[in-house]
$ cat upload28.tsv   # TSV, C-alpha atoms
chain	number	residue	atom	x	y	z
A	1	VAL	CA	-2.57	-72.75	35.50
A	2	PRO	CA	-5.42	-74.76	37.08
A	3	PHE	CA	-7.75	-72.93	39.43
A	4	GLY	CA	-6.69	-73.62	42.99
A	5	GLY	CA	-3.20	-74.60	41.87
A	6	THR	CA	0.27	-73.10	41.82
A	7	CYS	CA	2.66	-73.40	38.89
A	8	HIS	CA	6.38	-72.65	38.72
A	9	ILE	CA	7.02	-71.23	35.26
A	10	ALA	CA	10.61	-71.50	34.06
A	11	LEU	CA	12.37	-68.40	32.80
A	12	SER	CA	14.00	-68.35	29.40
A	13	PRO	CA	17.47	-69.94	29.35
A	14	ALA	CA	18.56	-66.91	27.33
A	15	LEU	CA	18.24	-64.63	30.34
A	16	PRO	CA	21.71	-63.94	31.76
A	17	ALA	CA	22.52	-65.16	35.28
A	18	ALA	CA	23.22	-61.58	36.36
A	19	LEU	CA	19.54	-60.84	35.80
A	20	ALA	CA	17.74	-64.14	36.47
A	21	GLY	CA	20.12	-65.76	38.95
A	22	ALA	CA	22.10	-68.99	38.83
A	23	THR	CA	19.25	-71.20	40.09
A	24	ASN	CA	15.56	-70.92	41.01
A	25	ARG	CA	15.09	-69.51	37.52
A	26	ALA	CA	11.30	-69.48	37.65
A	27	VAL	CA	8.32	-67.48	38.80
A	28	ALA	CA	5.42	-68.91	40.80
A	29	VAL	CA	1.80	-68.04	39.99
A	30	HIS	CA	-1.41	-69.20	41.65
A	31	ALA	CA	-4.83	-69.19	39.95
A	32	GLN	CA	-8.01	-68.68	41.96
A	33	ARG	CA	-11.52	-67.35	41.61
A	34	VAL	CA	-11.92	-64.35	43.92
A	35	GLU	CA	-15.50	-63.19	44.45
A	36	GLY	CA	-16.36	-65.13	41.28
A	37	GLN	CA	-13.70	-63.45	39.14
A	38	PRO	CA	-10.59	-65.28	37.82
A	39	ARG	CA	-7.38	-64.02	39.38
A	40	LEU	CA	-3.73	-64.88	38.82
A	41	CYS	CA	-1.53	-64.18	41.83
A	42	PHE	CA	2.14	-63.50	41.09
A	43	LEU	CA	4.32	-64.48	44.03
A	44	GLY	CA	7.37	-62.34	43.37
A	45	PHE	CA	10.82	-63.05	41.99
A	46	GLN	CA	14.21	-63.16	43.64
A	47	PRO	CA	17.43	-63.98	41.74
A	48	VAL	CA	19.42	-66.61	43.61
A	49	PHE	CA	23.18	-67.22	43.51
A	50	VAL	CA	24.72	-70.28	45.14
A	51	HIS	CA	28.31	-70.81	46.22
A	52	GLY	CA	30.17	-73.53	48.06
A	53	ARG	CA	30.94	-77.22	47.77
A	54	ASP	CA	27.47	-78.40	46.69
A	55	ALA	CA	26.59	-75.35	44.60
A	56	ALA	CA	26.35	-77.26	41.31
A	57	LEU	CA	24.02	-79.86	42.80
A	58	ARG	CA	21.77	-77.27	44.34
A	59	ARG	CA	21.60	-75.22	41.16
A	60	LEU	CA	20.46	-78.32	39.31
A	61	ALA	CA	17.92	-79.46	41.90
A	62	LEU	CA	16.10	-76.12	42.23
A	63	ARG	CA	16.64	-74.59	38.82
A	64	HIS	CA	12.93	-74.72	37.88
A	65	ARG	CA	11.53	-73.83	41.34
A	66	ALA	CA	10.73	-70.21	42.07
A	67	CYS	CA	12.24	-68.57	45.12
A	68	SER	CA	9.08	-66.76	46.25
A	69	VAL	CA	9.95	-64.24	48.93
A	70	GLY	CA	7.29	-61.64	48.12
A	71	ASN	CA	4.78	-61.08	50.91
A	72	PRO	CA	1.30	-62.27	49.82
A	73	ALA	CA	-0.12	-61.03	53.11
A	74	LYS	CA	-0.16	-57.58	51.51
A	75	LEU	CA	-2.71	-58.88	49.02
A	76	HIS	CA	-4.92	-60.05	51.85
A	77	ALA	CA	-4.55	-56.79	53.77
A	78	SER	CA	-5.56	-54.76	50.71
A	79	GLY	CA	-8.65	-56.90	50.04
A	80	ALA	CA	-7.26	-58.26	46.76
A	81	LEU	CA	-7.95	-61.84	47.88
A	82	GLY	CA	-11.62	-61.11	48.61
A	83	ARG	CA	-13.68	-60.01	51.59
A	84	HIS	CA	-12.33	-60.96	54.98
A	85	VAL	CA	-14.51	-63.21	57.08
A	86	ASP	CA	-15.23	-60.33	59.49
A	87	GLN	CA	-16.42	-58.27	56.51
A	88	GLY	CA	-19.01	-60.81	55.45
A	89	GLY	CA	-16.67	-63.14	53.56
A	90	ASP	CA	-16.98	-66.91	53.75
A	91	GLY	CA	-13.34	-67.56	54.73
A	92	SER	CA	-12.12	-68.05	51.15
A	93	ALA	CA	-9.81	-65.03	51.36
A	94	GLU	CA	-8.12	-66.40	54.47
A	95	LEU	CA	-7.73	-69.88	52.99
A	96	LEU	CA	-6.29	-68.39	49.79
A	97	LEU	CA	-3.73	-66.50	51.87
A	98	LEU	CA	-2.66	-69.81	53.44
A	99	ASP	CA	-2.23	-71.32	49.97
A	100	LEU	CA	-0.07	-68.39	48.84
A	101	LEU	CA	2.03	-68.52	52.00
A	102	GLU	CA	2.50	-72.24	51.34
A	103	VAL	CA	4.66	-71.28	48.37
A	104	MET	CA	6.73	-68.90	50.50
A	105	HIS	CA	7.07	-71.60	53.17
A	106	ARG	CA	8.45	-74.01	50.60
A	107	SER	CA	10.94	-71.45	49.29
A	108	PHE	CA	12.40	-70.72	52.70
A	109	LEU	CA	12.32	-74.38	53.73
A	110	ASP	CA	14.19	-75.46	50.58
A	111	ASP	CA	16.83	-72.81	51.17
A	112	ILE	CA	17.32	-73.74	54.83
A	113	LEU	CA	17.48	-77.49	54.25
A	114	TRP	CA	19.90	-77.20	51.35
A	115	SER	CA	22.18	-74.98	53.46
A	116	LEU	CA	22.21	-77.54	56.25
A	117	ARG	CA	22.67	-80.41	53.81
A	118	ALA	CA	25.83	-78.77	52.47
A	119	GLY	CA	27.47	-78.99	55.90
A	120	GLY	CA	30.86	-77.49	56.64
A	121	ALA	CA	29.64	-74.80	59.06
A	122	GLU	CA	30.19	-74.50	62.80
A	123	LEU	CA	27.06	-72.39	63.18
A	124	ALA	CA	24.15	-72.08	60.74
A	125	VAL	CA	21.59	-69.31	61.21
A	126	ALA	CA	18.35	-69.37	59.21
A	127	TYR	CA	15.47	-66.90	58.99
A	128	TYR	CA	11.89	-68.10	58.59
A	129	PRO	CA	9.21	-65.35	58.36
A	130	VAL	CA	6.05	-67.26	57.45
A	131	ILE	CA	4.54	-67.65	60.95
A	132	ASP	CA	5.03	-63.93	61.57
A	133	LEU	CA	3.33	-63.00	58.29
A	134	VAL	CA	0.31	-65.25	58.74
A	135	SER	CA	-0.10	-64.16	62.37
A	136	HIS	CA	-0.19	-60.48	61.41
A	137	GLN	CA	-3.21	-61.24	59.23
A	138	LEU	CA	-5.06	-64.14	60.84
A	139	LEU	CA	-4.09	-64.48	64.51
A	140	ARG	CA	-7.33	-62.96	65.74
A	141	HIS	CA	-9.16	-66.07	64.52
A	142	LEU	CA	-7.11	-68.22	66.94
A	143	ASP	CA	-8.04	-66.12	69.96
A	144	PRO	CA	-10.29	-68.15	72.29
A	145	ALA	CA	-11.94	-64.87	73.31
A	146	ALA	CA	-12.75	-63.81	69.73
A	147	ALA	CA	-16.00	-61.84	69.51
A	148	THR	CA	-17.26	-63.90	66.56
A	149	PRO	CA	-15.55	-67.33	66.67
A	150	GLN	CA	-14.86	-69.08	63.36
A	151	PRO	CA	-14.00	-72.63	64.48
A	152	ALA	CA	-13.62	-74.13	60.99
A	153	LEU	CA	-11.34	-71.32	59.83
A	154	ALA	CA	-9.37	-71.39	63.08
A	155	GLY	CA	-8.86	-75.13	62.69
A	156	ALA	CA	-7.58	-74.72	59.14
A	157	ILE	CA	-5.14	-71.99	60.17
A	158	ARG	CA	-3.89	-73.96	63.15
A	159	ALA	CA	-3.42	-77.14	61.10
A	160	ARG	CA	-1.48	-75.35	58.36
A	161	MET	CA	0.82	-73.57	60.81
A	162	ALA	CA	1.46	-76.82	62.70
A	163	ARG	CA	2.40	-78.62	59.48
A	164	TRP	CA	4.75	-75.80	58.42
A	165	LEU	CA	6.54	-75.89	61.77
A	166	PHE	CA	6.74	-79.68	61.74
A	167	GLU	CA	8.28	-79.67	58.26
A	168	LEU	CA	10.73	-76.97	59.33
A	169	PHE	CA	11.76	-78.51	62.67
A	170	ASP	CA	11.75	-82.13	61.55
A	171	GLY	CA	13.51	-81.30	58.30
A	172	CYS	CA	16.27	-79.37	60.06
A	173	GLN	CA	16.76	-82.06	62.69
A	174	ALA	CA	17.04	-84.73	60.00
A	175	GLN	CA	19.91	-82.87	58.30
A	176	LEU	CA	22.05	-82.55	61.43
A	177	ALA	CA	24.85	-84.94	62.24
A	178	PRO	CA	24.94	-86.57	65.71
A	179	GLY	CA	25.98	-84.12	68.38
A	180	TRP	CA	24.65	-81.04	66.60
A	181	ARG	CA	22.14	-78.85	68.42
A	182	PHE	CA	19.00	-77.46	66.82
A	183	ILE	CA	17.48	-74.36	68.40
A	184	ALA	CA	14.43	-72.38	67.27
A	185	HIS	CA	13.44	-69.04	68.68
A	186	SER	CA	11.34	-65.96	67.98
A	187	ASP	CA	12.54	-62.52	68.98
A	188	HIS	CA	8.98	-61.48	69.83
A	189	GLY	CA	5.50	-62.84	70.26
A	190	MET	CA	2.24	-61.77	68.65
A	191	GLN	CA	-1.12	-60.82	70.09
A	192	PRO	CA	-4.57	-60.78	68.47
A	193	LEU	CA	-5.88	-57.33	67.54
A	194	SER	CA	-9.31	-55.80	67.81
A	195	HIS	CA	-8.64	-52.06	67.46
A	196	ASP	CA	-6.35	-49.53	65.77
A	197	LEU	CA	-5.65	-46.38	67.79
A	198	ALA	CA	-4.20	-43.11	66.48
A	199	PRO	CA	-2.75	-41.19	69.47
A	200	ASN	CA	-1.67	-38.25	67.30
A	201	ARG	CA	-5.34	-37.67	66.43
A	202	CYS	CA	-6.09	-37.37	70.14
A	203	PHE	CA	-3.16	-35.00	70.67
A	204	ALA	CA	-4.30	-32.86	67.74
A	205	SER	CA	-7.85	-32.66	69.10
A	206	GLN	CA	-6.42	-31.35	72.39
A	207	GLY	CA	-4.38	-28.68	70.61
A	208	TRP	CA	-1.08	-30.30	71.56
A	209	LEU	CA	-0.09	-31.33	68.01
A	210	ALA	CA	-0.20	-29.24	64.84
A	211	THR	CA	0.26	-30.29	61.22
A	212	HIS	CA	1.46	-28.68	58.01
A	213	ASP	CA	-0.92	-28.17	55.11
A	214	ASP	CA	0.38	-31.40	53.55
A	215	GLY	CA	-0.54	-33.37	56.67
A	216	ARG	CA	2.94	-33.81	58.16
A	217	ILE	CA	3.48	-33.11	61.85
A	218	ASP	CA	4.66	-29.55	62.46
A	219	THR	CA	7.36	-29.97	65.10
A	220	GLN	CA	7.70	-26.19	65.51
A	221	ARG	CA	4.10	-25.80	66.72
A	222	SER	CA	3.62	-29.09	68.59
A	223	MET	CA	4.47	-30.19	72.11
A	224	VAL	CA	3.94	-33.96	71.80
A	225	PHE	CA	3.68	-36.57	69.06
A	226	TYR	CA	3.75	-40.32	68.66
A	227	HIS	CA	6.81	-40.95	66.49
A	228	PRO	CA	6.06	-41.81	62.83
A	229	ALA	CA	8.42	-44.80	63.03
A	230	GLU	CA	5.63	-46.46	65.07
A	231	ASN	CA	8.24	-47.98	67.40
A	232	GLY	CA	6.42	-46.79	70.52
A	233	TRP	CA	8.46	-43.66	71.20
A	234	LEU	CA	6.49	-40.71	72.55
A	235	ALA	CA	8.28	-37.47	71.62
A	236	LEU	CA	7.87	-34.64	74.13
A	237	HIS	CA	8.87	-30.96	74.10
A	238	PRO	CA	9.22	-30.28	77.85
A	239	SER	CA	9.52	-26.50	77.68
A	240	ARG	CA	6.36	-26.10	75.58
A	241	MET	CA	4.50	-28.57	77.77
A	242	ALA	CA	5.55	-26.69	80.93
A	243	ALA	CA	4.46	-23.36	79.44
A	244	ALA	CA	1.04	-24.83	78.63
A	245	GLY	CA	0.73	-26.66	81.95
A	246	VAL	CA	0.54	-30.07	80.23
A	247	THR	CA	1.96	-33.13	82.01
A	248	THR	CA	2.63	-36.66	80.86
A	249	GLN	CA	-0.18	-37.77	83.15
A	250	ALA	CA	-2.52	-35.41	81.30
A	251	LEU	CA	-1.51	-37.08	78.03
A	252	LEU	CA	-2.43	-40.50	79.39
A	253	GLU	CA	-5.73	-39.24	80.80
A	254	ALA	CA	-6.68	-37.73	77.42
A	255	LEU	CA	-5.83	-40.96	75.61
A	256	ASP	CA	-7.71	-43.13	78.10
A	257	GLY	CA	-10.71	-40.81	77.99
A	258	ALA	CA	-11.00	-41.29	74.22
A	259	LEU	CA	-10.93	-45.10	74.29
A	260	PRO	CA	-14.01	-46.85	72.86
A	261	PRO	CA	-16.25	-48.75	75.30
A	262	GLY	CA	-15.49	-52.15	73.78
A	263	LEU	CA	-11.74	-51.95	74.44
A	264	SER	CA	-10.58	-52.95	77.90
A	265	GLY	CA	-7.42	-51.72	79.58
A	266	ALA	CA	-5.59	-48.41	79.54
A	267	PHE	CA	-2.55	-46.70	78.11
A	268	ARG	CA	0.69	-46.74	80.05
A	269	LEU	CA	4.22	-45.45	79.63
A	270	VAL	CA	7.27	-47.73	79.55
A	271	GLU	CA	10.51	-45.98	80.50
A	272	GLY	CA	13.57	-46.59	78.34
A	273	PRO	CA	16.79	-44.77	77.47
A	274	VAL	CA	16.38	-41.02	76.97
A	275	LEU	CA	16.24	-40.17	73.28
A	276	GLU	CA	16.94	-36.61	72.18
A	277	LEU	CA	16.14	-34.92	68.89
A	278	ALA	CA	16.95	-31.42	67.69
A	279	ASP	CA	15.10	-28.30	68.83
A	280	GLY	CA	14.35	-29.46	72.37
A	281	TRP	CA	12.57	-32.76	71.68
A	282	THR	CA	13.40	-35.43	74.23
A	283	SER	CA	11.77	-38.32	76.06
A	284	PRO	CA	12.46	-41.64	77.77
A	285	TRP	CA	8.87	-42.77	77.28
A	286	TYR	CA	7.40	-45.49	75.06
A	287	LEU	CA	3.64	-45.54	74.72
A	288	GLN	CA	2.01	-48.89	75.45
A	289	PRO	CA	-1.57	-49.31	74.17
A	290	PRO	CA	-4.30	-51.37	75.82
A	291	THR	CA	-4.21	-55.09	75.12
A	292	ALA	CA	-5.58	-56.05	71.68
A	293	ALA	CA	-4.80	-52.62	70.18
A	294	ARG	CA	-2.03	-51.28	67.98
A	295	LEU	CA	-0.89	-47.70	67.50
A	296	LEU	CA	-0.85	-45.87	64.16
A	297	LYS	CA	1.06	-42.66	63.44
A	298	SER	CA	-1.44	-40.67	61.39
A	299	PRO	CA	-3.07	-37.63	63.04
A	300	HIS	CA	-5.81	-37.75	60.40
A	301	LEU	CA	-7.28	-41.21	61.03
A	302	PRO	CA	-10.12	-41.69	63.52
A	303	PHE	CA	-8.68	-42.12	66.99
A	304	ALA	CA	-10.22	-45.59	67.35
A	305	ALA	CA	-11.37	-48.04	64.71
A	306	GLU	CA	-11.79	-51.78	64.37
A	307	SER	CA	-8.50	-53.23	63.19
A	308	ARG	CA	-8.25	-54.93	59.80
A	309	LYS	CA	-5.04	-56.56	60.96
A	310	GLY	CA	-5.16	-59.93	62.70
A	311	GLY	CA	-2.20	-59.61	65.07
A	312	ASP	CA	0.71	-57.41	66.00
A	313	HIS	CA	3.65	-57.00	68.37
A	314	THR	CA	4.63	-53.88	70.21
A	315	CYS	CA	7.64	-52.07	71.66
A	316	TRP	CA	7.56	-54.07	74.90
A	317	SER	CA	4.93	-55.74	77.02
A	318	ASP	CA	4.65	-58.48	79.60
A	319	ALA	CA	1.43	-59.76	78.01
A	320	PRO	CA	1.65	-63.57	77.61
A	321	TRP	CA	0.85	-63.46	73.89
A	322	LEU	CA	3.90	-61.23	73.33
A	323	LYS	CA	6.50	-63.45	74.96
A	324	GLY	CA	9.28	-64.62	72.68
A	325	VAL	CA	9.56	-68.40	72.37
A	326	PHE	CA	12.79	-70.38	72.69
A	327	LEU	CA	12.94	-74.14	72.24
A	328	GLU	CA	15.41	-76.93	71.68
A	329	PRO	CA	13.35	-79.94	70.57
A	330	HIS	CA	16.09	-82.51	71.17
A	331	LEU	CA	18.49	-81.58	73.95
A	332	GLN	CA	21.76	-83.36	73.32
A	333	PRO	CA	23.16	-85.59	76.11
A	334	GLY	CA	25.67	-83.67	78.18
A	335	ALA	CA	24.56	-80.27	76.88
A	336	PRO	CA	24.07	-77.68	79.63
A	337	ALA	CA	20.49	-76.92	80.55
A	338	TRP	CA	19.17	-73.55	79.46
A	339	GLN	CA	18.50	-70.98	82.13
A	340	ALA	CA	14.80	-70.24	82.52
A	341	PRO	CA	13.67	-67.62	81.98
A	342	LEU	CA	16.36	-66.67	79.47
A	343	THR	CA	17.08	-63.02	78.71
A	344	LEU	CA	18.07	-61.62	75.34
A	345	THR	CA	21.46	-60.54	76.65
A	346	GLN	CA	22.23	-64.13	77.67
A	347	LEU	CA	21.32	-65.76	74.35
A	348	ALA	CA	24.35	-65.05	72.15
A	349	PRO	CA	26.94	-65.74	74.89
A	350	ALA	CA	25.25	-69.05	75.74
A	351	LEU	CA	25.18	-70.12	72.08
A	352	MET	CA	28.75	-69.10	71.37
A	353	ALA	CA	30.05	-70.74	74.54
A	354	GLY	CA	29.13	-74.06	72.96
A	355	LEU	CA	31.54	-73.20	70.15
A	356	ALA	CA	34.23	-72.13	72.67
A	357	ARG	CA	33.93	-68.56	71.38
A	358	PRO	CA	33.06	-66.28	74.28
A	359	VAL	CA	31.00	-63.17	73.62
A	360	ARG	CA	30.65	-60.39	76.12
A	361	ALA	CA	27.03	-59.44	76.81
A	362	ALA	CA	26.26	-55.72	76.76
A	363	ALA	CA	24.82	-54.43	80.02
A	364	LEU	CA	21.26	-53.12	79.77
A	365	PRO	CA	19.23	-51.39	82.48
A	366	GLN	CA	16.50	-53.97	82.13
A	367	ALA	CA	16.57	-57.52	80.75
A	368	TYR	CA	13.46	-58.92	79.09
A	369	ALA	CA	12.79	-62.59	79.73
A	370	TRP	CA	12.05	-65.29	77.17
A	371	HIS	CA	9.85	-68.22	78.11
$ encode --input "upload28.tsv" --output "structure tokens"
Amino acid sequence: VPFGGTCHIALSPALPAALAGATNRAVAVHAQRVEGQPRLCFLGFQPVFVHGRDAALRRLALRHRACSVGNPAKLHASGALGRHVDQGGDGSAELLLLDLLEVMHRSFLDDILWSLRAGGAELAVAYYPVIDLVSHQLLRHLDPAAATPQPALAGAIRARMARWLFELFDGCQAQLAPGWRFIAHSDHGMQPLSHDLAPNRCFASQGWLATHDDGRIDTQRSMVFYHPAENGWLALHPSRMAAAGVTTQALLEALDGALPPGLSGAFRLVEGPVLELADGWTSPWYLQPPTAARLLKSPHLPFAAESRKGGDHTCWSDAPWLKGVFLEPHLQPGAPAWQAPLTLTQLAPALMAGLARPVRAAALPQAYAWH
């Protein structure tokens, strides 16, 4: 495998289809020098089975191409690709991540385009995760307000993402027959990160959260905790809080008082449906961190630290970076115009109406707009 190159290595024909799949019978590897040392990056394996009218043709066309759906961003996050640029690296780790994600991009693109090429469907739905994965790691470098701008790296990231999206959008549009509609959307946005915050550490320091000897949250001796699912939910035990004279406002004040000087903004609570757990735990509140911060569940981490992650999304926010995006590059003549802004509850009914298949939208107390 040449340094700086990716090879798709065919699997043995003797391997049964039940184990190695019916097509994409290969693994992809990428060779690179990382901090001067030779490294071979394995990009995962996924057995693929194809059915339908053009199955035989697709099996033949992609039989020696790996279907690489493993997440190479984990290698970057762990430091396996070298020092990040904000750790004194020269940008090589970030550029290597783009090269590894290129392989994943090609795998998903091939799958999507072959599905569209087969035809025969009234509605085709495809999933494309690459922009999300690269943004989680590198979005901070595209922030105009970045503390230490890296214009060359930012330009390389932006150019690669633009090419990926062009190949995806243009490729899909080219496969559609006249009259078909092509729609792309994200269910969330992404914002650049500067800090990681651990609210449970703050609660523990105030005596409001206790842990077992093994580090797990002790729900029998606590009165508040940020849920380990990291979905934003703030679990409260109202009777224990009342007995101790602790209010939700006091929780926010303690969190805000512990924020580092370099992080602007404040915590706030977003009200949602009341969620109840056993033993008196209940709350309608979702904890929203200051802009450019994400929340971590551990009560043992420092409350505030510089984030090693490049971007993240949160339970809900009206921050512009976090808006979902909805676009139809080529609006077909006679097609109804989309409502703007469009809410999530309106999306499926509007799409299915075009197929003359009405879907009833579920009523929600609050609708979140897409732009």
$ residues_around --input "upload28.tsv" --residues "segment 190-195 of chain A" --least-positions-apart "6" --cutoff "7 Å" --atoms "all atoms listed in the file" --output "VMD selection string"
chain A and resid 139 to 140 143 292 to 294 304 to 307 309 to 313 321 to 322
$ residues_around --input "upload28.tsv" --residues "Ser12 of chain A" --least-positions-apart "5" --cutoff "10 Å" --atoms "only C-alpha atoms" --output "MDAnalysis selection string"
chainID A and resid 20 25:26
$ closest_residue --input "upload28.tsv" --among "A:Phe3, A:Phe45, A:Phe108, A:Phe225" --to "Val130 of chain A" --atoms "only C-alpha atoms"
A:Phe108
$ atom_distance --input "upload28.tsv" --atom1 "atom CA of Arg240 of chain A" --atom2 "atom CA of Leu277 of chain A"
14.8 Å
$ atom_distance --input "upload28.tsv" --atom1 "atom CA of Thr6 of chain A" --atom2 "atom CA of Leu57 of chain A"
24.7 Å
$ closest_residue --input "upload28.tsv" --among "A:Ala242, A:Val325, A:Leu351, A:Cys67" --to "Asp110 of chain A" --atoms "all atoms listed in the file"
A:Cys67
$ residues_around --input "upload28.tsv" --residues "Leu252 of chain A" --least-positions-apart "6" --cutoff "12 Å" --atoms "only C-alpha atoms" --output "VMD selection string"
chain A and resid 199 202 to 203 224 234 246 258 to 259 266 to 269 285 to 290
$ axis_aligned_box --input "upload28.tsv" --around "segment 64-83 of chain A" --padding-each-side "5 Å" --output "AutoDock Vina command-line options"
--center_x -0.4 --center_y -64.7 --center_z 45.8 --size_x 36.6 --size_y 30.0 --size_z 25.9
